[in-house]
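Next comes model-v4.cif, with mmCIF, C-alpha atoms.
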data_upload
#
loop_
_atom_site.group_PDB
_atom_site.id
_atom_site.type_symbol
_atom_site.label_atom_id
_atom_site.label_comp_id
_atom_site.auth_asym_id
_atom_site.auth_seq_id
_atom_site.Cartn_x
_atom_site.Cartn_y
_atom_site.Cartn_z
ATOM 1 C CA MET N 127 0.000 0.000 0.000
ATOM 2 C CA MET N 128 1.313 3.445 -0.923
ATOM 3 C CA ALA N 129 1.852 5.946 1.874
ATOM 4 C CA GLN N 130 -0.338 9.040 1.775
ATOM 5 C CA GLU N 131 2.665 11.254 0.974
ATOM 6 C CA ASP N 132 3.235 9.220 -2.196
ATOM 7 C CA ARG N 133 -0.130 10.420 -3.492
ATOM 8 C CA TYR N 134 0.834 14.063 -3.886
ATOM 9 C CA LYS N 135 3.713 16.415 -4.667
ATOM 10 C CA ILE N 136 3.994 19.992 -3.367
ATOM 11 C CA TYR N 137 5.936 22.699 -5.156
ATOM 12 C CA SER N 138 6.947 26.085 -3.746
ATOM 13 C CA VAL N 139 7.095 28.702 -6.506
ATOM 14 C CA LYS N 140 9.173 31.037 -4.343
ATOM 15 C CA LEU N 141 11.775 28.379 -3.558
ATOM 16 C CA GLY N 142 11.569 26.759 -6.988
ATOM 17 C CA LYS N 143 11.534 23.243 -5.586
ATOM 18 C CA GLU N 144 9.370 20.466 -4.178
ATOM 19 C CA ILE N 145 8.684 20.701 -0.465
ATOM 20 C CA THR N 146 7.094 18.575 2.246
ATOM 21 C CA LEU N 147 3.705 19.082 3.850
ATOM 22 C CA ALA N 148 5.444 20.254 7.027
ATOM 23 C CA GLU N 149 7.416 22.826 5.036
ATOM 24 C CA LEU N 150 4.217 23.984 3.351
ATOM 25 C CA THR N 151 2.413 24.629 6.625
ATOM 26 C CA ALA N 152 5.487 26.350 8.048
ATOM 27 C CA ASP N 153 5.351 28.776 5.098
ATOM 28 C CA LEU N 154 1.581 29.238 5.268
ATOM 29 C CA VAL N 155 1.633 30.325 8.904
ATOM 30 C CA HIS N 156 2.859 33.792 7.938
ATOM 31 C CA ALA N 157 -0.220 34.626 5.829
ATOM 32 C CA GLU N 158 -3.390 36.145 7.228
ATOM 33 C CA VAL N 159 -5.528 34.411 4.609
ATOM 34 C CA VAL N 160 -4.679 31.162 2.831
ATOM 35 C CA PHE N 161 -6.647 30.095 -0.248
ATOM 36 C CA PHE N 162 -6.749 26.341 -0.797
ATOM 37 C CA GLY N 163 -7.978 25.965 -4.370
ATOM 38 C CA GLU N 164 -9.267 22.494 -5.119
ATOM 39 C CA GLU N 165 -10.941 20.389 -7.734
ATOM 40 C CA HIS N 166 -14.076 19.370 -5.889
ATOM 41 C CA SER N 167 -13.789 15.643 -6.612
ATOM 42 C CA ASP N 168 -10.081 15.340 -5.719
ATOM 43 C CA SER N 169 -10.071 12.899 -2.799
ATOM 44 C CA VAL N 170 -6.343 13.382 -2.085
ATOM 45 C CA ALA N 171 -6.738 17.159 -1.885
ATOM 46 C CA HIS N 172 -9.552 16.757 0.637
ATOM 47 C CA VAL N 173 -7.272 14.728 2.889
ATOM 48 C CA LEU N 174 -4.570 17.365 2.544
ATOM 49 C CA GLN N 175 -7.011 20.148 3.420
ATOM 50 C CA LEU N 176 -7.700 18.484 6.741
ATOM 51 C CA GLU N 177 -3.996 17.961 7.405
ATOM 52 C CA VAL N 178 -3.246 21.612 6.630
ATOM 53 C CA PHE N 179 -6.162 22.710 8.834
ATOM 54 C CA LYS N 180 -4.882 20.626 11.732
ATOM 55 C CA ALA N 181 -1.310 21.842 11.315
ATOM 56 C CA LEU N 182 -2.326 25.505 11.180
ATOM 57 C CA HIS N 183 -4.521 24.975 14.227
ATOM 58 C CA GLY N 184 -1.486 23.670 16.049
ATOM 59 C CA LEU N 185 0.336 26.878 15.188
ATOM 60 C CA HIS N 186 -2.480 29.399 15.681
ATOM 61 C CA GLY N 187 -4.759 27.738 18.216
ATOM 62 C CA ASN N 188 -8.249 29.242 18.351
ATOM 63 C CA GLY N 189 -7.050 32.185 16.281
ATOM 64 C CA LEU N 190 -7.608 30.035 13.196
ATOM 65 C CA SER N 191 -10.900 30.182 11.289
ATOM 66 C CA LEU N 192 -12.109 28.049 8.396
ATOM 67 C CA SER N 193 -13.934 29.733 5.499
ATOM 68 C CA MET N 194 -15.860 27.640 2.990
ATOM 69 C CA GLU N 195 -17.312 28.177 -0.455
ATOM 70 C CA MET N 196 -19.436 25.128 0.336
ATOM 71 C CA PHE N 197 -21.850 26.994 2.639
ATOM 72 C CA GLN N 198 -23.902 30.090 1.778
ATOM 73 C CA THR N 199 -24.201 33.173 3.963
ATOM 74 C CA ASP N 200 -27.870 32.657 4.796
ATOM 75 C CA VAL N 201 -27.077 29.411 6.654
ATOM 76 C CA GLN N 202 -24.425 30.886 8.944
ATOM 77 C CA LEU N 203 -26.802 30.704 11.916
ATOM 78 C CA VAL N 204 -27.513 27.011 11.324
ATOM 79 C CA LEU N 205 -23.800 26.286 10.963
ATOM 80 C CA ASP N 206 -23.040 28.189 14.181
ATOM 81 C CA GLU N 207 -25.799 26.322 15.995
ATOM 82 C CA TYR N 208 -24.347 23.010 14.905
ATOM 83 C CA LEU N 209 -20.776 23.935 15.830
ATOM 84 C CA THR N 210 -21.883 24.954 19.329
ATOM 85 C CA GLY N 211 -23.943 21.804 19.832
ATOM 86 C CA GLN N 212 -27.330 23.488 19.836
ATOM 87 C CA VAL N 213 -28.693 21.449 16.936
ATOM 88 C CA THR N 214 -27.926 18.020 15.572
ATOM 89 C CA GLU N 215 -26.113 17.008 12.411
ATOM 90 C CA LYS N 216 -29.471 15.931 11.049
ATOM 91 C CA ASN N 217 -30.600 19.559 11.401
ATOM 92 C CA LEU N 218 -27.416 20.752 9.708
ATOM 93 C CA ASN N 219 -27.976 18.434 6.769
ATOM 94 C CA ALA N 220 -31.615 19.471 6.470
ATOM 95 C CA ASP N 221 -31.275 23.225 6.919
ATOM 96 C CA ALA N 222 -27.746 24.253 5.844
ATOM 97 C CA ARG N 223 -27.999 22.865 2.309
ATOM 98 C CA PRO N 224 -24.574 21.173 2.345
ATOM 99 C CA TRP N 225 -23.119 20.122 -0.994
ATOM 100 C CA LYS N 226 -23.853 16.642 -2.297
ATOM 101 C CA ASN N 227 -20.249 15.669 -1.555
ATOM 102 C CA TYR N 228 -20.387 17.040 1.984
ATOM 103 C CA LYS N 229 -18.724 13.832 3.130
ATOM 104 C CA ASP N 230 -15.507 15.308 1.694
ATOM 105 C CA TYR N 231 -15.765 18.411 3.901
ATOM 106 C CA ARG N 232 -17.391 16.878 6.964
ATOM 107 C CA PRO N 233 -14.047 15.943 8.602
ATOM 108 C CA LEU N 234 -13.006 19.613 8.566
ATOM 109 C CA VAL N 235 -16.312 20.779 10.033
ATOM 110 C CA GLU N 236 -16.175 18.069 12.693
ATOM 111 C CA TYR N 237 -12.601 19.021 13.570
ATOM 112 C CA ALA N 238 -13.698 22.645 13.906
ATOM 113 C CA LYS N 239 -16.604 21.567 16.118
ATOM 114 C CA GLU N 240 -14.390 19.450 18.370
ATOM 115 C CA ASN N 241 -11.816 22.238 18.715
ATOM 116 C CA VAL N 242 -14.203 25.211 18.998
ATOM 117 C CA LEU N 243 -13.039 26.836 15.751
ATOM 118 C CA HIS N 244 -15.185 29.223 13.747
ATOM 119 C CA VAL N 245 -16.405 28.170 10.301
ATOM 120 C CA LEU N 246 -17.504 30.896 7.898
ATOM 121 C CA ALA N 247 -20.340 30.279 5.458
ATOM 122 C CA ALA N 248 -18.764 32.486 2.809
ATOM 123 C CA ASN N 249 -20.697 32.021 -0.405
ATOM 124 C CA ALA N 250 -23.543 34.078 -1.858
ATOM 125 C CA PRO N 251 -26.988 32.455 -1.659
ATOM 126 C CA SER N 252 -27.695 30.676 -4.924
ATOM 127 C CA ARG N 253 -31.044 32.439 -5.346
ATOM 128 C CA TYR N 254 -29.134 35.708 -5.843
ATOM 129 C CA THR N 255 -26.484 34.318 -8.170
ATOM 130 C CA ASN N 256 -29.332 32.776 -10.143
ATOM 131 C CA ARG N 257 -31.063 36.155 -10.233
ATOM 132 C CA VAL N 258 -27.940 37.728 -11.717
ATOM 133 C CA THR N 259 -27.684 34.950 -14.315
ATOM 134 C CA ARG N 260 -31.251 35.724 -15.382
ATOM 135 C CA ASN N 261 -31.468 39.491 -14.996
ATOM 136 C CA GLY N 262 -27.939 40.863 -14.719
ATOM 137 C CA ILE N 263 -26.000 42.225 -11.788
ATOM 138 C CA GLU N 264 -27.914 45.526 -11.760
ATOM 139 C CA SER N 265 -31.008 43.598 -10.634
ATOM 140 C CA LEU N 266 -29.431 43.157 -7.190
ATOM 141 C CA GLU N 267 -30.186 46.824 -6.496
ATOM 142 C CA GLU N 268 -33.876 45.888 -6.305
ATOM 143 C CA LEU N 269 -33.324 43.480 -3.398
ATOM 144 C CA PRO N 270 -34.598 44.483 0.044
ATOM 145 C CA LYS N 271 -32.146 45.746 2.655
ATOM 146 C CA GLU N 272 -32.082 42.463 4.595
ATOM 147 C CA ALA N 273 -31.248 40.499 1.449
ATOM 148 C CA LYS N 274 -28.367 42.830 0.590
ATOM 149 C CA LYS N 275 -26.773 41.992 3.942
ATOM 150 C CA LEU N 276 -26.175 38.473 2.602
ATOM 151 C CA ILE N 277 -24.026 39.571 -0.339
ATOM 152 C CA ALA N 278 -21.052 41.850 -0.982
ATOM 153 C CA PRO N 279 -21.773 45.597 -0.976
ATOM 154 C CA LEU N 280 -23.153 47.009 -4.205
ATOM 155 C CA PRO N 281 -21.998 47.888 -6.779
ATOM 156 C CA ILE N 282 -19.815 44.830 -7.341
ATOM 157 C CA ASP N 283 -16.726 45.095 -9.507
ATOM 158 C CA THR N 284 -17.070 42.718 -12.457
ATOM 159 C CA LEU N 285 -13.387 42.022 -12.866
ATOM 160 C CA THR N 286 -12.375 42.383 -16.499
ATOM 161 C CA GLY N 287 -9.153 41.420 -18.224
ATOM 162 C CA ARG N 288 -7.574 38.042 -17.590
ATOM 163 C CA TYR N 289 -10.353 36.696 -15.349
ATOM 164 C CA TYR N 290 -13.014 37.433 -17.937
ATOM 165 C CA GLU N 291 -10.860 35.868 -20.634
ATOM 166 C CA LYS N 292 -10.493 32.679 -18.582
ATOM 167 C CA PHE N 293 -14.199 32.523 -17.828
ATOM 168 C CA ASN N 294 -15.176 33.152 -21.437
ATOM 169 C CA ALA N 295 -12.821 30.382 -22.551
ATOM 170 C CA LEU N 296 -14.453 28.065 -20.010
ATOM 171 C CA LEU N 297 -17.804 28.754 -21.656
ATOM 172 C CA GLY N 298 -16.408 27.966 -25.076
ATOM 173 C CA GLY N 299 -15.363 31.448 -26.109
ATOM 174 C CA HIS N 300 -18.853 32.519 -27.169
ATOM 175 C CA GLU N 301 -19.306 36.109 -26.057
ATOM 176 C CA GLY N 302 -22.846 37.345 -25.596
ATOM 177 C CA MET N 303 -25.268 38.875 -23.110
ATOM 178 C CA GLY N 304 -26.177 35.467 -21.682
ATOM 179 C CA ASN N 305 -22.561 34.579 -20.968
ATOM 180 C CA MET N 306 -21.934 38.058 -19.550
ATOM 181 C CA LYS N 307 -24.720 37.555 -17.019
ATOM 182 C CA ILE N 308 -23.266 34.187 -16.046
ATOM 183 C CA TYR N 309 -19.912 35.921 -15.624
ATOM 184 C CA GLN N 310 -21.547 38.587 -13.467
ATOM 185 C CA SER N 311 -22.996 35.883 -11.233
ATOM 186 C CA GLN N 312 -19.478 34.485 -10.870
ATOM 187 C CA ASN N 313 -18.324 37.938 -9.769
ATOM 188 C CA LEU N 314 -21.113 38.064 -7.156
ATOM 189 C CA TRP N 315 -19.947 34.666 -5.912
ATOM 190 C CA ASP N 316 -16.317 35.817 -5.730
ATOM 191 C CA ALA N 317 -17.030 39.216 -4.208
ATOM 192 C CA THR N 318 -19.313 37.833 -1.510
ATOM 193 C CA MET N 319 -16.763 35.259 -0.428
ATOM 194 C CA ALA N 320 -14.054 37.923 -0.422
ATOM 195 C CA TRP N 321 -16.180 40.438 1.503
ATOM 196 C CA ASN N 322 -16.972 37.899 4.217
ATOM 197 C CA ILE N 323 -13.356 36.783 4.483
ATOM 198 C CA ALA N 324 -12.231 40.415 4.756
ATOM 199 C CA ARG N 325 -14.654 41.126 7.592
ATOM 200 C CA LEU N 326 -13.641 37.966 9.418
ATOM 201 C CA ALA N 327 -9.902 38.556 9.007
ATOM 202 C CA LYS N 328 -10.203 42.042 10.482
ATOM 203 C CA LYS N 329 -11.424 40.712 13.832
ATOM 204 C CA SER N 330 -8.781 41.009 16.535
ATOM 205 C CA SER N 331 -9.356 37.418 17.659
ATOM 206 C CA VAL N 332 -8.614 36.017 14.193
ATOM 207 C CA LYS N 333 -4.981 35.314 13.376
ATOM 208 C CA GLN N 334 -5.536 33.412 10.151
ATOM 209 C CA VAL N 335 -8.298 32.304 7.798
ATOM 210 C CA LEU N 336 -8.044 29.125 5.732
ATOM 211 C CA HIS N 337 -10.449 29.464 2.817
ATOM 212 C CA LEU N 338 -11.536 26.515 0.689
ATOM 213 C CA ASN N 339 -12.833 27.051 -2.834
ATOM 214 C CA GLY N 340 -12.746 25.602 -6.310
ATOM 215 C CA ARG N 341 -9.387 26.580 -7.731
ATOM 216 C CA PHE N 342 -10.880 28.658 -10.554
ATOM 217 C CA HIS N 343 -11.856 31.190 -7.863
ATOM 218 C CA SER N 344 -8.238 31.751 -6.788
ATOM 219 C CA ASP N 345 -5.871 30.466 -9.487
ATOM 220 C CA GLU N 346 -3.551 33.159 -10.870
ATOM 221 C CA LYS N 347 -4.634 35.234 -7.845
ATOM 222 C CA LEU N 348 -7.782 36.207 -9.713
ATOM 223 C CA GLY N 349 -11.450 35.932 -8.785
ATOM 224 C CA THR N 350 -12.043 35.777 -5.046
ATOM 225 C CA TYR N 351 -8.361 36.431 -4.361
ATOM 226 C CA ALA N 352 -8.418 39.649 -6.416
ATOM 227 C CA GLN N 353 -11.704 40.774 -4.860
ATOM 228 C CA LEU N 354 -10.223 40.270 -1.392
ATOM 229 C CA GLN N 355 -7.251 42.417 -2.349
ATOM 230 C CA ARG N 356 -9.723 45.179 -3.231
ATOM 231 C CA TYR N 357 -11.555 44.925 0.096
ATOM 232 C CA ALA N 358 -8.510 44.505 2.337
ATOM 233 C CA LYS N 359 -5.358 45.730 0.629
ATOM 234 C CA ARG N 360 -3.104 45.181 3.642
ATOM 235 C CA LEU N 361 -3.922 41.529 4.265
ATOM 236 C CA LYS N 362 -1.123 39.102 3.492
ATOM 237 C CA LEU N 363 -2.469 36.382 1.203
ATOM 238 C CA LEU N 364 -1.082 33.080 -0.046
ATOM 239 C CA ASN N 365 -2.747 30.624 -2.374
ATOM 240 C CA ILE N 366 -2.548 26.936 -3.161
ATOM 241 C CA SER N 367 -3.689 25.339 -6.397
ATOM 242 C CA ALA N 368 -4.303 21.604 -6.066
ATOM 243 C CA PHE N 369 -5.292 19.275 -8.878
ATOM 244 C CA SER N 370 -4.619 15.804 -10.230
ATOM 245 C CA HIS N 371 -2.623 15.474 -13.431
ATOM 246 C CA GLU N 372 -1.445 12.667 -15.693
ATOM 247 C CA SER N 373 2.158 13.918 -15.450
ATOM 248 C CA PHE N 374 2.167 13.202 -11.709
ATOM 249 C CA SER N 375 5.322 11.091 -11.889
ATOM 250 C CA LYS N 376 7.229 13.962 -13.540
ATOM 251 C CA PRO N 377 5.376 17.258 -13.011
ATOM 252 C CA ASP N 378 6.015 20.211 -15.292
ATOM 253 C CA TRP N 379 6.193 22.831 -12.541
ATOM 254 C CA ALA N 380 7.234 25.589 -14.943
ATOM 255 C CA ALA N 381 3.907 25.256 -16.766
ATOM 256 C CA TRP N 382 1.909 25.797 -13.566
ATOM 257 C CA GLN N 383 3.917 28.177 -11.451
ATOM 258 C CA HIS N 384 1.780 31.145 -12.536
ATOM 259 C CA LEU N 385 -1.229 29.585 -10.828
ATOM 260 C CA ALA N 386 -0.326 30.007 -7.171
ATOM 261 C CA ASP N 387 2.309 30.371 -4.482
ATOM 262 C CA PHE N 388 2.150 26.611 -3.971
ATOM 263 C CA ILE N 389 1.173 23.935 -6.475
ATOM 264 C CA ILE N 390 -0.057 20.530 -5.317
ATOM 265 C CA ILE N 391 -0.289 17.765 -7.894
ATOM 266 C CA THR N 392 -2.214 14.684 -6.808
ATOM 267 C CA ASP N 393 -2.009 11.162 -8.174
ATOM 268 C CA PRO N 394 -4.669 10.698 -10.885
ATOM 269 C CA SER N 395 -4.765 6.959 -10.231
ATOM 270 C CA VAL N 396 -6.488 7.591 -6.902
ATOM 271 C CA GLY N 397 -10.258 7.364 -7.248
ATOM 272 C CA LYS N 398 -12.284 10.556 -7.282
ATOM 273 C CA SER N 399 -14.586 11.258 -4.376
ATOM 274 C CA PHE N 400 -17.576 11.476 -6.735
#
Show me the file's structure as structure tokens.
Amino acid sequence: MMAQEDRYKIYSVKLGKEITLAELTADLVHAEVVFFGEEHSDSVAHVLQLEVFKALHGLHGNGLSLSMEMFQTDVQLVLDEYLTGQVTEKNLNADARPWKNYKDYRPLVEYAKENVLHVLAANAPSRYTNRVTRNGIESLEELPKEAKKLIAPLPIDTLTGRYYEKFNALLGGHEGMGNMKIYQSQNLWDATMAWNIARLAKKSSVKQVLHLNGRFHSDEKLGTYAQLQRYAKRLKLLNISAFSHESFSKPDWAAWQHLADFIIITDPSVGKSF
């Protein structure tokens, strides 16, 4: 049986070499916000997320918070109630709308619960991203005051340039009003996560935030990463881009070093989580 460390390789762009998990966490400790960009079905990355979370907890204690794309802002109360033992996991599953692959993130939430660590429900409610996809980002202005508290402050910067180019390529390169609205909903998603992270990181009790999201949101320091830089220019940020690749045995680090401060390649032979 292969050891867990044989299932991944970590590369430090700054050092220009492969490093160990212990060396990674030692470097991450200096950042105020760490982005862990994943591919949602990467089972090895999910294991690593928990290991990084545990290691950073050992260094920061209760000053560490976990932020998750996987929960939306309007379920923060339910998540808090679960973490403090006021409601059961059955209630969490029924009321917090966890992702279908919540089993992949459950170990992190349970670790936070056991160690009294805060977990941030960072993402915009899907009913509002869906509204933008249908009616454009300007339609958010029509929302009532209470609804606007659940998203980033308006107006939201729809990041142009490289991020738009990447997103347009993802949609097949077909520019049009429909795709622009989908792109605007992506910006709402990114900005809301960034806004919530910024507010959390500014609290005196918080030493570090570990944020989990799909790597498109933070690769090349775009998306949520760039929005966070707008909201909190002085925060020190680091990002990780983790993904499986067929060249695992001999990674081409030079081809990926633009993606993040740290690149994690996982073994593609390991089964996906879904």
Please report, as AutoDock Vina command-line options, the centre and edge lengths in Å to one decimal of an axis-aligned box covering all listed atoms of region 381-386 of chain N with 8 Å per side.
--center_x 1.3 --center_y 28.2 --center_z -12.0 --size_x 21.1 --size_y 21.9 --size_z 25.6
Neighbouring residues of Leu354 (chain N) were defined as those with any atom within 9 Å, considering only C-alpha atoms; residues of the same chain fewer than 2 positions away were excluded. Please report them as a PyMOL selection string.
chain N and resi 316-317+319-321+323-324+349-352+356-359+361
If we count only C-alpha atoms and set the cut-off at 12 Å, which residues sit around Asn219 (chain N), ignoring sequence neighbours fewer than 2 positions away in its own chain? Please answer as a PyMOL selection string.
chain N and resi 197+201+204-205+208+213-217+221-229+232
Residues in the PyMOL selection byres ((chain N and resi 241) around 10), expressed as number ranges by chain
N: 180, 183, 187-188, 209, 235-240, 242-244
Written as a VMD selection string, what is the full residue list that the PyMOL selection byres ((chain N and resi 289) around 12) yields on the file shown?
chain N and resid 284 to 288 290 to 296 309 to 310 312 to 313 316 342 to 353
Residues within 12 Å of (-8.9, 11.1, -7.1), file coords, only C-alpha atoms, listed as a PyMOL selection string
chain N and resi 133-134+164-173+230+368-372+391-400
Pick from N:Gln175, N:Ser375, N:Ser138, N:Ser191 nearest to Lys328 (chain N), counting only C-alpha atoms:
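The answer is N:Ser191, which sits nearest to Lys328 (chain N).
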Hits from the PyMOL selection byres ((chain N and resi 383) around 10), listed as a list in words:
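This file, filtered by the PyMOL selection byres ((chain N and resi 383) around 10), leaves Tyr137, Ser138, Val139, Lys140, Gly142, Glu346, Ser367, Asp378, Trp379, Ala380, Ala381, Trp382, His384, Leu385, Ala386, Asp387, Phe388 and Ile389 of chain N.
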Using Å and a single decimal, report how far CA of Tyr231 (chain N) sits from CA of Pro251 (chain N).
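Spanning CA of Pro251 (chain N) to CA of Tyr231 (chain N) is a straight-line distance of 18.8 Å.
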Under the rule that only C-alpha atoms are counted, which of N:Leu338, N:Met306, N:Leu246, N:Leu234 is the nearest residue to Ile366 (chain N)?
N:Leu338
Contacts of region 276-327 of chain N with region 257-263 of chain N up to 7 Å, shortest pair per row, only C-alpha atoms, as JSON lines:
{"residue": "N:Lys307", "atom": "CA", "partner": "N:Thr259", "partner_atom": "CA", "distance": 4.8}
{"residue": "N:Ile308", "atom": "CA", "partner": "N:Thr259", "partner_atom": "CA", "distance": 4.8}
{"residue": "N:Gln310", "atom": "CA", "partner": "N:Ile263", "partner_atom": "CA", "distance": 6.0}
{"residue": "N:Ser311", "atom": "CA", "partner": "N:Val258", "partner_atom": "CA", "distance": 5.3}
To one decimal place, how far is CA of Arg360 (chain N) from CA of Leu192 (chain N) in Å?
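Atom-to-atom, CA of Arg360 (chain N) and CA of Leu192 (chain N) are spaced 19.9 Å apart.
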Mind checking which residues fall within 6 Å of Ile136 (chain N), counting all atoms listed in the file, ignoring those fewer than 5 positions away in the same chain, and posting them as a ChimeraX atom specification?
/N:144-145,389-390
When you draw a straight line from CA of Val159 (chain N) to CA of Val335 (chain N), how long is it in Å?
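The value is 4.7 Å.
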